[in-house]
$ cat data02.cif   # mmCIF, C-alpha atoms
data_coords
loop_
_atom_site.label_atom_id
_atom_site.label_comp_id
_atom_site.auth_asym_id
_atom_site.auth_seq_id
_atom_site.Cartn_x
_atom_site.Cartn_y
_atom_site.Cartn_z
CA MET X 1 39.47 284.31 252.04
CA ALA X 2 40.64 285.86 248.78
CA VAL X 3 38.64 284.91 245.71
CA ARG X 4 40.36 282.81 243.10
CA HIS X 5 38.92 281.60 239.84
CA LEU X 6 40.88 279.01 237.87
CA TYR X 7 39.87 277.94 234.37
CA CYS X 8 41.53 275.43 232.09
CA PHE X 9 40.78 275.33 228.35
CA THR X 10 42.13 273.62 225.28
CA ALA X 11 44.66 276.00 223.76
CA ASP X 12 43.38 275.77 220.20
CA GLY X 13 39.58 275.70 220.46
CA GLY X 14 39.00 277.13 223.93
CA VAL X 15 36.94 274.11 225.05
CA PRO X 16 36.55 274.17 228.89
CA ILE X 17 38.28 271.26 230.66
CA PHE X 18 37.72 272.17 234.31
CA SER X 19 37.18 275.16 236.56
CA LYS X 20 37.72 275.94 240.24
CA THR X 21 36.41 278.73 242.43
CA LYS X 22 37.84 279.45 245.86
CA GLY X 23 36.50 282.05 248.21
CA ASP X 24 33.07 283.52 248.86
CA ALA X 25 32.14 284.48 245.28
CA LYS X 26 30.08 282.76 242.61
CA GLN X 27 31.61 281.58 239.37
CA LEU X 28 32.19 284.23 236.74
CA PRO X 29 29.48 284.52 234.05
CA PHE X 30 30.17 282.42 230.98
CA PRO X 31 30.46 285.45 228.62
CA VAL X 32 33.16 286.90 230.90
CA ILE X 33 35.08 283.62 230.96
CA GLY X 34 34.80 283.30 227.19
CA GLY X 35 35.91 286.89 226.71
CA LEU X 36 39.00 286.45 228.90
CA ASN X 37 39.95 283.27 227.07
CA GLY X 38 39.33 284.92 223.69
CA LEU X 39 41.51 287.88 224.66
CA ASP X 40 44.54 285.62 225.07
CA ILE X 41 43.76 283.78 221.82
CA TYR X 42 43.47 287.13 220.00
CA ALA X 43 46.86 288.25 221.32
CA GLU X 44 48.44 284.94 220.36
CA ASN X 45 47.07 285.18 216.82
CA HIS X 46 48.73 288.58 216.52
CA ALA X 47 52.16 287.32 217.63
CA ALA X 48 51.82 288.73 221.15
CA LYS X 49 51.96 287.07 224.55
CA LEU X 50 49.51 288.29 227.14
CA LEU X 51 50.97 287.90 230.63
CA SER X 52 48.38 289.61 232.81
CA ALA X 53 45.69 292.26 232.95
CA SER X 54 44.19 294.31 235.78
CA SER X 55 40.79 295.74 236.61
CA ASP X 56 39.67 297.89 239.54
CA ASN X 57 39.57 294.93 241.93
CA SER X 58 41.07 291.90 240.18
CA ASN X 59 44.05 290.60 238.25
CA VAL X 60 43.96 288.07 235.42
CA ILE X 61 46.93 285.87 234.50
CA TRP X 62 47.23 283.59 231.44
CA LYS X 63 49.67 280.83 230.56
CA VAL X 64 49.73 278.25 227.76
CA PHE X 65 51.40 274.84 228.17
CA HIS X 66 52.73 272.84 225.22
CA ASP X 67 50.25 274.46 222.82
CA SER X 68 47.56 272.26 224.40
CA PHE X 69 46.40 273.82 227.67
CA ARG X 70 45.52 277.41 228.41
CA ILE X 71 45.16 278.10 232.14
CA LEU X 72 43.53 281.30 233.34
CA LEU X 73 43.72 282.57 236.92
CA VAL X 74 41.66 285.45 238.34
CA LYS X 75 42.74 286.84 241.70
CA GLN X 76 41.61 289.66 243.94
CA GLU X 77 43.46 292.95 244.00
CA ASP X 78 45.15 292.19 247.32
CA GLU X 79 47.06 289.39 245.62
CA THR X 80 48.36 291.18 242.55
CA ASP X 81 51.89 289.77 242.38
CA VAL X 82 52.22 288.34 238.87
CA LYS X 83 55.32 286.34 239.72
CA PHE X 84 53.59 284.27 242.39
CA ALA X 85 50.45 283.90 240.28
CA VAL X 86 52.42 282.48 237.34
CA GLN X 87 54.19 280.14 239.75
CA GLN X 88 50.81 278.94 241.01
CA ILE X 89 49.61 278.22 237.46
CA VAL X 90 52.79 276.25 236.75
CA TYR X 91 52.11 274.16 239.85
CA VAL X 92 48.55 273.50 238.67
CA PHE X 93 49.67 272.13 235.30
CA ASN X 94 52.37 269.98 236.89
CA ALA X 95 49.82 268.68 239.40
CA LEU X 96 47.95 267.31 236.38
CA VAL X 97 51.17 265.69 235.14
CA LEU X 98 51.89 264.24 238.59
CA MET X 99 48.50 262.56 238.89
CA TYR X 100 47.69 261.78 235.24
CA GLY X 101 50.91 261.69 233.21
CA PHE X 102 52.28 263.91 230.47
CA GLU X 103 51.49 261.62 227.54
CA ASN X 104 47.88 261.34 228.70
CA LEU X 105 47.64 265.12 228.66
CA VAL X 106 49.65 266.21 225.60
CA PRO X 107 48.50 266.24 222.90
CA ILE X 108 44.81 266.29 223.81
CA LYS X 109 43.14 263.36 222.09
CA ASN X 110 39.66 263.18 223.58
CA VAL X 111 38.42 266.24 225.48
CA GLU X 112 35.38 264.56 227.04
CA LYS X 113 37.47 261.70 228.38
CA LEU X 114 40.10 264.14 229.63
CA LYS X 115 37.50 266.13 231.56
CA LYS X 116 36.55 263.04 233.56
CA GLU X 117 40.03 261.65 234.14
CA VAL X 118 41.82 264.83 235.26
CA LYS X 119 39.50 264.84 238.29
CA VAL X 120 42.12 262.58 239.86
CA ALA X 121 44.14 265.77 240.50
CA SER X 122 41.18 267.75 241.85
CA SER X 123 42.05 267.63 245.55
CA LEU X 124 45.70 268.55 244.89
CA ILE X 125 44.66 271.53 242.77
CA ASP X 126 42.23 272.59 245.52
CA THR X 127 45.16 272.57 247.96
CA LEU X 128 47.28 274.64 245.56
CA LEU X 129 44.53 277.25 245.33
CA GLU X 130 43.83 277.29 249.05
CA GLY X 131 46.37 280.03 249.74
CA ARG X 132 45.20 281.52 252.98
CA GLY X 133 44.37 278.77 255.39
CA SER X 134 46.81 276.29 253.86
CA PRO X 135 48.94 274.54 256.51
CA LEU X 136 52.05 274.71 254.28
CA LEU X 137 54.07 277.63 252.95
CA CYS X 138 55.97 275.71 250.25
CA GLY X 139 53.48 276.70 247.54
CA VAL X 140 54.61 280.32 247.98
CA THR X 141 58.24 279.97 249.09
CA HIS X 142 59.08 277.17 246.61
CA SER X 143 60.94 275.65 249.58
CA VAL X 144 59.67 272.43 251.12
CA ASP X 145 58.37 272.65 254.69
CA VAL X 146 60.45 270.69 257.19
CA ILE X 147 60.22 270.15 260.93
CA ALA X 148 63.25 270.46 263.22
CA CYS X 149 63.39 268.20 266.27
CA PRO X 150 65.95 266.05 268.12
CA GLU X 151 64.34 262.89 266.67
CA ASN X 152 65.19 263.81 263.05
CA LEU X 153 68.47 261.92 262.96
CA ILE X 154 67.08 258.84 264.72
CA LEU X 155 64.08 258.63 262.41
CA GLN X 156 66.35 259.13 259.39
CA SER X 157 68.06 255.82 260.19
CA TYR X 158 64.69 254.06 260.55
CA LEU X 159 63.60 255.45 257.19
CA GLU X 160 66.78 254.32 255.44
CA ALA X 161 66.33 250.77 256.74
CA PHE X 162 62.67 250.71 255.71
CA ILE X 163 63.19 251.87 252.11
CA GLU X 164 66.00 249.35 251.75
CA ALA X 165 63.51 246.63 252.59
CA ALA X 166 61.16 248.19 250.02
CA ASP X 167 63.97 248.06 247.45
CA SER X 168 63.45 251.73 246.67
CA PRO X 169 65.76 254.75 246.95
CA TYR X 170 62.82 257.16 247.36
CA GLY X 171 61.43 257.47 250.87
CA CYS X 172 60.04 260.28 253.02
CA LEU X 173 58.58 260.67 256.51
CA PHE X 174 55.87 263.35 256.79
CA ILE X 175 53.98 264.97 259.61
CA ARG X 176 50.99 266.80 258.10
CA GLY X 177 52.89 267.77 254.96
CA LYS X 178 56.13 268.73 256.69
CA ILE X 179 59.19 266.56 256.11
CA ILE X 180 60.76 264.88 259.12
CA ALA X 181 63.30 262.80 257.21
CA ALA X 182 63.89 261.85 253.58
CA SER X 183 66.32 259.75 251.56
CA LYS X 184 69.04 261.24 249.37
CA LYS X 185 67.15 260.27 246.23
CA TRP X 186 64.03 262.03 247.51
CA TRP X 187 66.07 265.20 248.02
CA SER X 188 67.48 264.77 244.51
CA LEU X 189 64.00 265.23 243.02
CA SER X 190 63.38 268.63 241.46
CA GLN X 191 62.14 271.35 243.77
CA LEU X 192 58.83 271.39 241.92
CA GLU X 193 58.36 267.66 242.51
CA GLN X 194 59.23 267.92 246.20
CA VAL X 195 56.76 270.76 246.72
CA LEU X 196 53.97 268.96 244.86
CA LEU X 197 54.50 265.77 246.87
CA SER X 198 54.35 267.73 250.15
CA LEU X 199 51.13 269.40 249.03
CA LEU X 200 49.77 266.02 247.93
CA ASN X 201 50.37 264.76 251.46
CA VAL X 202 47.97 267.31 252.96
CA SER X 203 45.46 267.04 250.10
CA LEU X 204 44.82 263.32 250.52
CA PRO X 205 42.30 262.13 253.13
CA GLU X 206 43.66 260.25 256.13
CA CYS X 207 44.18 256.59 255.34
CA SER X 208 46.00 253.66 256.95
CA PHE X 209 47.76 252.78 253.68
CA ARG X 210 47.59 253.57 249.95
CA ASP X 211 48.94 252.35 246.65
CA ILE X 212 48.43 254.96 243.93
CA PRO X 213 50.15 255.65 240.59
CA ILE X 214 52.02 258.93 240.17
CA TYR X 215 54.23 260.50 237.51
CA LEU X 216 57.23 262.64 238.39
CA PRO X 217 56.82 265.81 236.26
CA LYS X 218 60.56 266.29 235.72
CA ALA X 219 62.18 262.90 236.39
CA SER X 220 59.55 260.60 234.87
CA PRO X 221 56.60 262.46 233.28
CA LYS X 222 55.67 259.57 230.97
CA VAL X 223 56.36 256.43 233.00
CA PRO X 224 54.26 255.94 236.17
CA HIS X 225 55.64 254.96 239.55
CA ARG X 226 53.79 253.52 242.53
CA LEU X 227 53.37 255.65 245.62
CA LEU X 228 52.96 253.51 248.75
CA THR X 229 51.96 255.33 251.95
CA PHE X 230 51.55 254.03 255.50
CA GLN X 231 50.22 255.86 258.55
CA LEU X 232 52.49 255.21 261.54
CA VAL X 233 50.82 257.38 264.19
CA ASN X 234 48.20 260.11 263.95
CA GLY X 235 49.38 262.66 261.39
CA VAL X 236 52.66 260.87 260.62
CA GLU X 237 53.08 258.92 257.37
CA VAL X 238 55.95 257.19 255.63
CA TRP X 239 55.95 257.38 251.81
CA VAL X 240 57.83 255.18 249.37
CA ILE X 241 58.03 255.64 245.59
CA CYS X 242 58.79 252.35 243.88
CA GLY X 243 58.24 250.16 240.83
CA PRO X 244 56.05 247.05 240.40
CA LYS X 245 57.51 245.40 243.50
CA PRO X 246 57.02 245.02 246.41
CA SER X 247 53.27 244.69 246.69
CA LEU X 248 51.34 246.79 249.19
CA VAL X 249 50.58 243.71 251.30
CA GLU X 250 54.23 242.65 251.40
CA LEU X 251 55.46 246.06 252.51
CA GLU X 252 52.63 246.45 254.99
CA ARG X 253 53.95 243.40 256.85
CA GLU X 254 57.31 245.17 257.19
CA VAL X 255 55.89 248.36 258.69
CA SER X 256 55.40 246.95 262.17
CA ARG X 257 58.77 245.19 262.14
CA PHE X 258 60.73 248.29 261.18
CA TRP X 259 58.81 251.04 262.96
CA ARG X 260 57.61 249.37 266.18
CA THR X 261 60.72 250.39 268.15
CA ALA X 262 60.44 253.96 266.83
CA PHE X 263 57.02 254.48 268.41
CA GLU X 264 58.24 256.76 271.23
CA ALA X 265 60.22 258.92 268.81
CA LEU X 266 57.21 259.18 266.49
CA LYS X 267 54.91 260.02 269.38
CA SER X 268 57.21 262.82 270.52
CA LEU X 269 56.75 264.50 267.12
CA THR X 270 53.18 265.36 268.08
CA TRP X 271 54.60 267.48 270.91
CA VAL X 272 56.97 269.36 268.58
CA HIS X 273 54.31 269.98 265.93
CA PRO X 274 52.96 272.61 265.26
CA ARG X 275 55.81 274.57 266.89
CA ASN X 276 58.12 272.76 264.44
CA LEU X 277 61.17 273.84 266.42
CA PRO X 278 62.91 272.09 269.32
CA THR X 279 62.53 273.53 272.81
CA THR X 280 66.28 274.24 272.77
CA VAL X 281 65.57 277.18 270.46
CA GLN X 282 64.51 279.95 272.82
CA LEU X 283 62.46 282.74 271.24
CA ASP X 284 61.53 286.18 272.48
CA ALA X 285 58.04 286.37 274.00
CA SER X 286 57.02 289.02 271.46
CA VAL X 287 57.55 286.65 268.50
CA LEU X 288 54.17 285.37 267.32
CA ALA X 289 55.35 283.47 264.24
CA LEU X 290 58.46 282.87 262.16
CA LEU X 291 59.51 281.61 258.76
CA LEU X 292 63.13 280.61 258.16
CA VAL X 293 64.07 279.84 254.54
CA ASP X 294 67.36 278.23 253.55
CA THR X 295 67.90 279.62 250.04
CA ALA X 296 70.68 277.12 249.30
CA SER X 297 68.82 273.88 250.13
CA ARG X 298 65.37 275.37 249.35
CA ARG X 299 63.87 274.18 252.64
CA CYS X 300 61.99 276.17 255.23
CA VAL X 301 60.94 275.91 258.86
CA SER X 302 57.88 277.83 259.96
CA SER X 303 56.23 278.18 263.33
CA VAL X 304 52.94 279.88 264.13
CA CYS X 305 52.95 278.62 267.72
CA PRO X 306 56.47 279.47 268.93
CA SER X 307 55.55 280.09 272.58
CA THR X 308 54.41 277.59 275.19
CA GLU X 309 50.93 279.10 275.55
CA SER X 310 48.07 276.63 275.52
CA LEU X 311 46.18 275.75 272.34
CA ARG X 312 43.00 277.22 273.82
CA GLN X 313 44.76 280.54 274.45
CA ARG X 314 46.17 280.57 270.91
CA GLN X 315 42.76 280.18 269.36
CA THR X 316 40.70 282.57 271.46
CA ALA X 317 40.92 285.43 268.97
CA ARG X 318 41.18 285.61 265.19
CA ASP X 319 44.19 287.91 265.25
CA THR X 320 46.19 285.43 267.31
CA SER X 321 45.02 282.18 265.74
CA PRO X 322 47.69 280.00 264.07
CA ASP X 323 46.01 280.21 260.66
CA TYR X 324 45.85 284.00 260.80
CA ARG X 325 49.50 284.23 261.80
CA ARG X 326 50.48 281.96 258.92
CA ASP X 327 48.48 284.10 256.51
CA LEU X 328 50.32 287.21 257.68
CA LEU X 329 53.68 285.50 257.14
CA ARG X 330 52.57 284.38 253.69
CA MET X 331 51.49 287.90 252.66
CA PHE X 332 54.66 289.46 254.09
CA TYR X 333 56.84 286.98 252.21
CA LYS X 334 55.07 287.79 248.93
CA LYS X 335 55.47 291.50 249.59
CA VAL X 336 59.18 291.28 250.37
CA VAL X 337 60.60 288.55 248.12
CA GLY X 338 61.09 289.73 244.56
CA ASP X 339 60.68 293.43 245.31
CA ILE X 340 63.19 293.79 248.18
CA PHE X 341 64.90 290.41 248.69
CA GLU X 342 66.10 287.98 246.05
CA SER X 343 63.32 286.19 244.21
CA VAL X 344 62.60 282.47 244.21
CA PRO X 345 64.15 280.60 241.26
CA ASN X 346 62.13 280.05 238.11
CA ILE X 347 60.26 276.74 238.36
CA ASP X 348 59.21 276.54 234.72
CA ASP X 349 61.73 275.82 231.97
CA GLU X 350 59.13 275.26 229.25
CA ASP X 351 58.73 278.84 228.02
CA THR X 352 61.61 281.13 228.86
CA ASP X 353 60.23 283.95 226.70
CA LEU X 354 57.18 284.21 228.92
CA ASP X 355 59.37 284.72 231.97
CA LYS X 356 61.07 287.78 230.46
CA GLY X 357 57.99 289.76 231.42
CA ILE X 358 58.66 289.10 235.10
CA GLN X 359 62.46 289.04 235.01
CA ARG X 360 62.65 292.27 236.98
CA PHE X 361 61.74 290.35 240.12
CA SER X 362 65.05 288.46 240.10
CA GLU X 363 67.23 291.36 238.89
CA LEU X 364 67.08 293.77 241.80
CA LEU X 365 69.50 296.65 241.50
CA HIS X 366 69.72 297.18 245.25
CA LYS X 367 71.07 294.76 247.85
CA ALA X 368 68.63 295.19 250.74
CA LYS X 369 69.27 293.00 253.75
CA GLU X 370 66.50 294.01 256.11
CA THR X 371 62.98 295.46 255.99
CA TYR X 372 60.02 295.85 258.32
CA THR X 373 56.32 296.71 258.41
CA VAL X 374 54.32 298.23 261.27
CA THR X 375 50.51 298.17 261.51
CA ASN X 376 47.95 298.82 264.24
CA THR X 377 47.63 295.09 265.00
CA HIS X 378 51.08 293.62 264.43
CA LYS X 379 54.66 294.23 263.34
CA LEU X 380 56.79 292.28 260.85
CA TYR X 381 60.53 292.16 260.27
CA ALA X 382 62.57 290.37 257.59
CA LEU X 383 66.31 289.77 257.41
CA GLN X 384 68.50 287.94 254.93
CA ASP X 385 72.11 286.80 254.91
CA LYS X 386 74.02 284.82 252.31
CA ASN X 387 71.94 281.62 252.52
CA HIS X 388 68.97 282.43 254.75
CA GLN X 389 65.88 284.59 254.90
CA LEU X 390 64.07 285.06 258.21
CA PHE X 391 60.58 286.54 258.52
CA LEU X 392 59.18 287.31 261.98
CA LEU X 393 55.71 288.34 263.09
CA PHE X 394 55.69 290.38 266.30
CA SER X 395 53.02 291.58 268.66
CA THR X 396 52.59 295.34 268.86
CA ASN X 397 54.05 295.52 272.36
CA ILE X 398 57.63 295.24 271.05
CA PRO X 399 59.31 298.61 270.44
CA THR X 400 60.00 299.11 266.74
CA PHE X 401 63.69 299.80 267.38
CA ALA X 402 64.03 296.43 269.16
CA MET X 403 62.79 294.29 266.25
CA ARG X 404 66.17 294.33 264.50
CA SER X 405 68.15 292.98 267.44
CA VAL X 406 65.50 290.36 268.30
CA THR X 407 65.43 289.17 264.67
CA LYS X 408 69.21 288.82 264.56
CA LYS X 409 69.25 286.93 267.85
CA THR X 410 66.47 284.65 266.59
CA LEU X 411 68.38 283.83 263.40
CA GLU X 412 71.52 283.13 265.40
CA ALA X 413 69.64 280.88 267.84
CA CYS X 414 68.05 278.89 265.00
CA LEU X 415 71.24 278.40 263.00
CA LYS X 416 73.22 277.29 266.06
CA ASP X 417 70.75 274.53 266.91
CA LYS X 418 71.83 271.11 265.62
CA SER X 419 68.26 269.96 264.91
CA VAL X 420 67.60 273.02 262.75
CA GLN X 421 70.94 272.54 260.99
CA PHE X 422 70.06 268.92 260.19
CA ALA X 423 66.56 269.80 258.97
CA LEU X 424 67.76 272.55 256.62
CA SER X 425 71.06 271.11 255.45
CA SER X 426 71.61 269.64 251.98
CA ARG X 427 72.44 265.98 252.49
#

$ encode --input "data02.cif" --output "structure tokens"
Amino acid sequence: MAVRHLYCFTADGGVPIFSKTKGDAKQLPFPVIGGLNGLDIYAENHAAKLLSASSDNSNVIWKVFHDSFRILLVKQEDETDVKFAVQQIVYVFNALVLMYGFENLVPIKNVEKLKKEVKVASSLIDTLLEGRGSPLLCGVTHSVDVIACPENLILQSYLEAFIEAADSPYGCLFIRGKIIAASKKWWSLSQLEQVLLSLLNVSLPECSFRDIPIYLPKASPKVPHRLLTFQLVNGVEVWVICGPKPSLVELEREVSRFWRTAFEALKSLTWVHPRNLPTTVQLDASVLALLLVDTASRRCVSSVCPSTESLRQRQTARDTSPDYRRDLLRMFYKKVVGDIFESVPNIDDEDTDLDKGIQRFSELLHKAKETYTVTNTHKLYALQDKNHQLFLLFSTNIPTFAMRSVTKKTLEACLKDKSVQFALSSR
């Protein structure tokens, strides 16, 4: 696992608020942390903005939010893409807003109190920093993970009826962070909010039902909403964002009434996941994993278990395990998008000047449509058309010249399938 160090300070005095360390390394020495924080303050005092700095084996990225928070991220050399690192920092700050509220954060009134209360966002921030090993790709692609299956349309109707009873326009059906169905209002949330809510789904411990306050960083950063969640079957939850009413007890009574007849459809989801694609989509035997991104709707379908091999067979070796395949897709995406393919849209509208330093990622002079990578252990191919980007991980037994035709056939097979169309379409 790559090492990540995240530090959050007050922007004016440099007082530590919280820190996170992911990976197999110890925390950085305090003098080093203080020096890195002081370096950004020094630049700021001299009318300069410090975006990033590099050493022999690490990269450091800084960003200040609302003249109150300075967030510092240290990453290993193998994850040197500044664009994705800045995006990750933006997610971290908005995770604080989601769980604690903007007015409680800015301006900082009591640092000691803030240190204790921002712990409410700790598990979500841990998920954001997980990187390799994370079950979702939305934190990198900025496209929410969805699952495509024949039951999508049926379960959409169940969801619409349930949120009507809850007197709320915001409803979503998740399976381990991936969206099965969602209401129109849920899809109308900003992309940042949708991604954070998906990541929140996998960061929370399993629970039969919850009633927790959340703030929507873009739509309602100052006024809290209630998030009601109910577990329907193992791994599948329905979420509703509402106001003071109904109560958790009242809506809990409705769960059985509305979802009882959907039990078989819900149960069948466990057979589709983690393939995340219907069996009607036939894939070449050499395809080990895929990531299909709809750049118009900002949704993605990924599969690290596309074949029908048994779970025991998939996990016998590290190089064929689902987590390892997902990590390879994640690294390939970060290598390709921004440098070869079109970049993800900017998710932070607070400081446009800061983004000028990374504008080159979204202003590519060339119009590449395809690229590939070949190693001793695997092969990767990426293709993009007007509204889609497809990334495939192949075994080494496929001839390099054949990857192009297989990738095109895979994209065609996915886009022709009605379940995939429904999952990725803007509706």

$ residues_around --input "data02.cif" --residues "Ser52 in chain X" --least-positions-apart "5" --cutoff "9 Å" --atoms "only C-alpha atoms" --output "number ranges by chain"
X: 59-62, 82

$ atom_distance --input "data02.cif" --atom1 "CA of Gly338 in chain X" --atom2 "CA of His142 in chain X"
12.9 Å

$ atom_distance --input "data02.cif" --atom1 "CA of Pro169 in chain X" --atom2 "CA of Ala423 in chain X"
19.3 Å

$ closest_residue --input "data02.cif" --among "X:Asp24, X:Asp81, X:Glu151, X:Glu44" --to "Asp12 in chain X" --atoms "all atoms listed in the file"
X:Glu44

$ closest_residue --input "data02.cif" --among "X:Ser419, X:Thr10, X:Ser268, X:Thr400" --to "Ile41 in chain X" --atoms "all atoms listed in the file"
X:Thr10

$ atom_distance --input "data02.cif" --atom1 "CA of Thr410 in chain X" --atom2 "CA of Asn152 in chain X"
21.2 Å

$ resolve_selection --input "data02.cif" --expression "the PyMOL selection byres ((chain X and resi 63-70) around 8)" --output "list in words"
Cys8, Phe9, Thr10, Ala11, Asp12, Gly14, Leu51, Ile61, Trp62, Ile71, Leu72, Val86, Ile89, Phe93, Val106, Pro107, Ile108 and Glu350 of chain X

$ resolve_selection --input "data02.cif" --expression "the PyMOL selection byres ((chain X and resi 217) around 8)" --output "ChimeraX atom specification"
/X:94,97-98,101-102,193,215-216,218-221

$ write_last_selection --input "data02.cif" --atoms "C-alpha atoms" --output "PDB file, in the coordinates of the input"
ATOM      1  CA  ASN X  94      52.370 269.980 236.890  1.00  0.00           C
ATOM      2  CA  VAL X  97      51.170 265.690 235.140  1.00  0.00           C
ATOM      3  CA  LEU X  98      51.890 264.240 238.590  1.00  0.00           C
ATOM      4  CA  GLY X 101      50.910 261.690 233.210  1.00  0.00           C
ATOM      5  CA  PHE X 102      52.280 263.910 230.470  1.00  0.00           C
ATOM      6  CA  GLU X 193      58.360 267.660 242.510  1.00  0.00           C
ATOM      7  CA  TYR X 215      54.230 260.500 237.510  1.00  0.00           C
ATOM      8  CA  LEU X 216      57.230 262.640 238.390  1.00  0.00           C
ATOM      9  CA  LYS X 218      60.560 266.290 235.720  1.00  0.00           C
ATOM     10  CA  ALA X 219      62.180 262.900 236.390  1.00  0.00           C
ATOM     11  CA  SER X 220      59.550 260.600 234.870  1.00  0.00           C
ATOM     12  CA  PRO X 221      56.600 262.460 233.280  1.00  0.00           C
TER      13      PRO X 221
END

$ closest_residue --input "data02.cif" --among "X:Val120, X:Val92, X:Ile125, X:Val374" --to "Thr396 in chain X" --atoms "all atoms listed in the file"
X:Val374

$ closest_atom_pairs --input "data02.cif" --of "range 83-184 of chain X" --to "range 251-260 of chain X" --cutoff "12 Å" --atoms "only C-alpha atoms" --output "CSV"
residue,atom,partner,partner_atom,distance
X:Ile154,CA,X:Trp259,CA,11.5
X:Leu155,CA,X:Trp259,CA,9.3
X:Gln156,CA,X:Trp259,CA,11.6
X:Ser157,CA,X:Phe258,CA,10.6
X:Tyr158,CA,X:Phe258,CA,7.0
X:Leu159,CA,X:Phe258,CA,8.7
X:Glu160,CA,X:Phe258,CA,10.3
X:Ala161,CA,X:Phe258,CA,7.6
X:Phe162,CA,X:Phe258,CA,6.3
X:Ile163,CA,X:Leu251,CA,9.7
X:Glu164,CA,X:Phe258,CA,10.9
X:Ala165,CA,X:Glu254,CA,7.9
X:Ala166,CA,X:Leu251,CA,6.6
X:Asp167,CA,X:Leu251,CA,10.1
X:Ser168,CA,X:Leu251,CA,11.4
X:Leu173,CA,X:Trp259,CA,11.6

$ closest_atom_pairs --input "data02.cif" --of "range 286-306 of chain X" --to "range 379-394 of chain X" --cutoff "6 Å" --atoms "all atoms listed in the file" --output "tab-separated table"
residue	atom	partner	partner_atom	distance
X:Ser286	CA	X:Phe394	CA	5.5
X:Val287	CA	X:Phe394	CA	4.7
X:Leu288	CA	X:Phe394	CA	5.3
X:Ala289	CA	X:Leu393	CA	5.0
X:Leu290	CA	X:Leu392	CA	4.5
X:Leu291	CA	X:Phe391	CA	5.1
X:Leu292	CA	X:Leu390	CA	4.5
X:Val293	CA	X:Gln389	CA	5.1
X:Asp294	CA	X:His388	CA	4.7
X:Thr295	CA	X:Asn387	CA	5.1
X:Ala296	CA	X:Asn387	CA	5.7

$ closest_residue --input "data02.cif" --among "X:Glu112, X:Ser55, X:Gly235, X:Ala413" --to "Leu204 in chain X" --atoms "only C-alpha atoms"
X:Gly235
